[in-house]
Amino acid sequence: MPRHVAIVTDSTAYLPQHAMERHRITSVPLTVVLGDQALEEGTEISARSVAQALQKRTPVTTSRPNPEMFAAAYSAAAATGATGIVSLHLSAEFSGTYDAAVLAAQDASVPVRVVDTGMVAMALGFCALAAAEAAESGGTLDEAVAAAEKCAEGTSTYFYVDTLDYLRRGGRIGAAQALVGSALAVKPLLQLDEGRIELREKVRTASKAIARLEEIVVERAGSRPVDIAVHHLAAGERATALAARLRERVPGLAELYVSEVGAVIGAHTGPGLLGAVVSPR
């Protein structure tokens, strides 16, 4: 029997394909503009291609999906029998994706609740999974939204980048904060706070920054049941090593995901990104 409530998200959730298929979550792609080519994230361009382009200083920008793409996703969900849709998206501080979804929802044939999670990457992905699990257990549209919002409230995202220059260029972090990373080779640790990227701490070296990132994640996880995602861009060895240490140090660890971020987030963070998402069960 078709699920009563359908879940839609966007390509910046970076959910594993098996999880999307298992929970029947639909993803609407954002676009990466590489030079003069507009390419859909997830199907037409890889994060590694973006990393290489950034290293060559090729212009890279990103853009939201158009409302018609969301309208098509909502129509497809309704056609399978869904009587309501929860549409969960990355922070509106980063993208107009939420606004495009809201426009499309106005003309949908079934009720659509569009949610600005204030999250991105697997922080958004965990919200989508929470909504899907609520729907699968027979939850109403409101209950699926509440599950996603509760997940967002409890989820924390921390990350390290080799340079703040890419975030500054894309307008995702202020020029004043970007100066932190250029003075005395200081390495900043960042976090998501109310949908915005904020400076959490300043550390002197990359190795100390990564060690501090690990400590923050362990402290945040505590002994309660949590899911964790480790993300990276062109830093696979760092990510694998961090994940191995977290497996040993987080007693309540339930699921641990390790993945390279997609092209959209990669375009704004640059190669060397290492991040972690902590989501309580």
# chains A, B, ... in the order shown; residues from 1 in each chain; ligands from 1
call {"tool": "residues_around", "arguments": {"residues": "Lys56 (chain A)", "least_positions_apart": "5", "cutoff": "12 Å", "atoms": "only C-alpha atoms", "output": "short mmCIF file (atom, residue, chain, number, x, y, z; two decimals) with all heavy atoms, in the first residue's frame"}}
result
data_model
loop_
_atom_site.label_atom_id
_atom_site.label_comp_id
_atom_site.auth_asym_id
_atom_site.auth_seq_id
_atom_site.Cartn_x
_atom_site.Cartn_y
_atom_site.Cartn_z
N LEU A 34 29.63 25.09 -13.69
CA LEU A 34 31.08 24.91 -13.81
C LEU A 34 31.52 25.57 -15.11
O LEU A 34 31.26 25.06 -16.20
CB LEU A 34 31.41 23.42 -13.82
CG LEU A 34 32.88 23.01 -13.71
CD1 LEU A 34 33.46 23.44 -12.37
CD2 LEU A 34 33.01 21.51 -13.87
N GLY A 35 32.17 26.73 -14.98
CA GLY A 35 32.50 27.49 -16.18
C GLY A 35 31.21 27.95 -16.82
O GLY A 35 30.45 28.72 -16.24
N SER A 49 35.08 16.33 -9.26
CA SER A 49 35.23 17.24 -10.40
C SER A 49 35.23 18.69 -9.93
O SER A 49 35.99 19.53 -10.43
CB SER A 49 34.10 17.02 -11.41
OG SER A 49 34.16 15.73 -11.96
N VAL A 50 34.37 18.99 -8.96
CA VAL A 50 34.33 20.34 -8.40
C VAL A 50 35.63 20.66 -7.69
O VAL A 50 36.19 21.76 -7.84
CB VAL A 50 33.13 20.49 -7.44
CG1 VAL A 50 33.27 21.75 -6.61
CG2 VAL A 50 31.84 20.53 -8.23
N ALA A 51 36.13 19.71 -6.90
CA ALA A 51 37.39 19.94 -6.19
C ALA A 51 38.52 20.24 -7.17
O ALA A 51 39.33 21.17 -6.95
CB ALA A 51 37.74 18.72 -5.34
N GLY A 270 35.45 23.83 -0.55
CA GLY A 270 36.75 23.55 -1.12
C GLY A 270 37.33 22.24 -0.63
O GLY A 270 36.85 21.64 0.34
N PRO A 271 38.38 21.76 -1.31
CA PRO A 271 39.04 20.50 -0.91
C PRO A 271 39.60 20.60 0.51
O PRO A 271 40.01 21.67 0.95
CB PRO A 271 40.17 20.37 -1.94
CG PRO A 271 39.78 21.25 -3.08
CD PRO A 271 39.01 22.38 -2.49
#
call {"tool": "residues_around", "arguments": {"residues": "Ser279 (chain A)", "least_positions_apart": "4", "cutoff": "9 Å", "atoms": "only C-alpha atoms", "output": "count of residues only"}}
result
14
call {"tool": "residues_around", "arguments": {"residues": "Val86 (chain A)", "least_positions_apart": "4", "cutoff": "8 Å", "atoms": "only C-alpha atoms", "output": "list in words"}}
result
Val5, Ala6, Ile7, Val8, Val112, Arg113, Val114, Val115, Ala131, Leu141, Ala144 and Val145 of chain A
call {"tool": "closest_residue", "arguments": {"among": "A:Val161, A:Leu213, A:Leu124, A:Leu88", "to": "Ala235 (chain A)", "atoms": "only C-alpha atoms"}}
result
A:Val161
call {"tool": "select_by_dssp", "arguments": {"residues": "region 52-247 of chain A", "states": "helix (DSSP H, G or I)", "output": "NGL selection string"}}
result
:A and (52-55 or 67-79 or 97-105 or 122-136 or 141-154 or 165-169 or 175-185 or 206-221 or 236-247)
call {"tool": "residues_around", "arguments": {"residues": "Val203 (chain A)", "least_positions_apart": "3", "cutoff": "6 Å", "atoms": "only C-alpha atoms", "output": "ChimeraX atom specification"}}
result
/A:186-188,209
call {"tool": "closest_residue", "arguments": {"among": "A:Gly84, A:Gly195, A:Pro65, A:Gly222", "to": "Gly118 (chain A)", "atoms": "only C-alpha atoms"}}
result
A:Gly195
call {"tool": "residues_around", "arguments": {"residues": "Pro111 (chain A)", "least_positions_apart": "3", "cutoff": "12 Å", "atoms": "only C-alpha atoms", "output": "count of residues only"}}
result
23
call {"tool": "select_by_dssp", "arguments": {"residues": "region 96-247 of chain A", "states": "strand (DSSP E or B)", "output": "number ranges by chain"}}
result
A: 112-116, 156-160, 187-193, 196-203, 226-232
call {"tool": "closest_residue", "arguments": {"among": "A:Ser223, A:Thr269, A:Thr205, A:Gln37", "to": "Val250 (chain A)", "atoms": "only C-alpha atoms"}}
result
A:Ser223
call {"tool": "residues_around", "arguments": {"residues": "Phe94 (chain A)", "least_positions_apart": "3", "cutoff": "8 Å", "atoms": "only C-alpha atoms", "output": "ChimeraX atom specification"}}
result
/A:90-91,172,195-196
call {"tool": "atom_distance", "arguments": {"atom1": "CA of Ala243 (chain A)", "atom2": "CA of Leu190 (chain A)"}}
result
18.6 Å
call {"tool": "closest_residue", "arguments": {"among": "A:Ala132, A:Ala206, A:Ala53, A:Ala13", "to": "Glu41 (chain A)", "atoms": "only C-alpha atoms"}}
result
A:Ala13
call {"tool": "closest_residue", "arguments": {"among": "A:Leu129, A:Ile216, A:Val110, A:Leu54", "to": "Arg22 (chain A)", "atoms": "only C-alpha atoms"}}
result
A:Leu129
call {"tool": "residues_around", "arguments": {"residues": "Gly42 (chain A)", "least_positions_apart": "3", "cutoff": "7 Å", "atoms": "only C-alpha atoms", "output": "NGL selection string"}}
result
:A and (11 or 45-46 or 262)
call {"tool": "closest_residue", "arguments": {"among": "A:Arg212, A:Arg204, A:Arg57, A:Arg64", "to": "Leu39 (chain A)", "atoms": "only C-alpha atoms"}}
result
A:Arg64
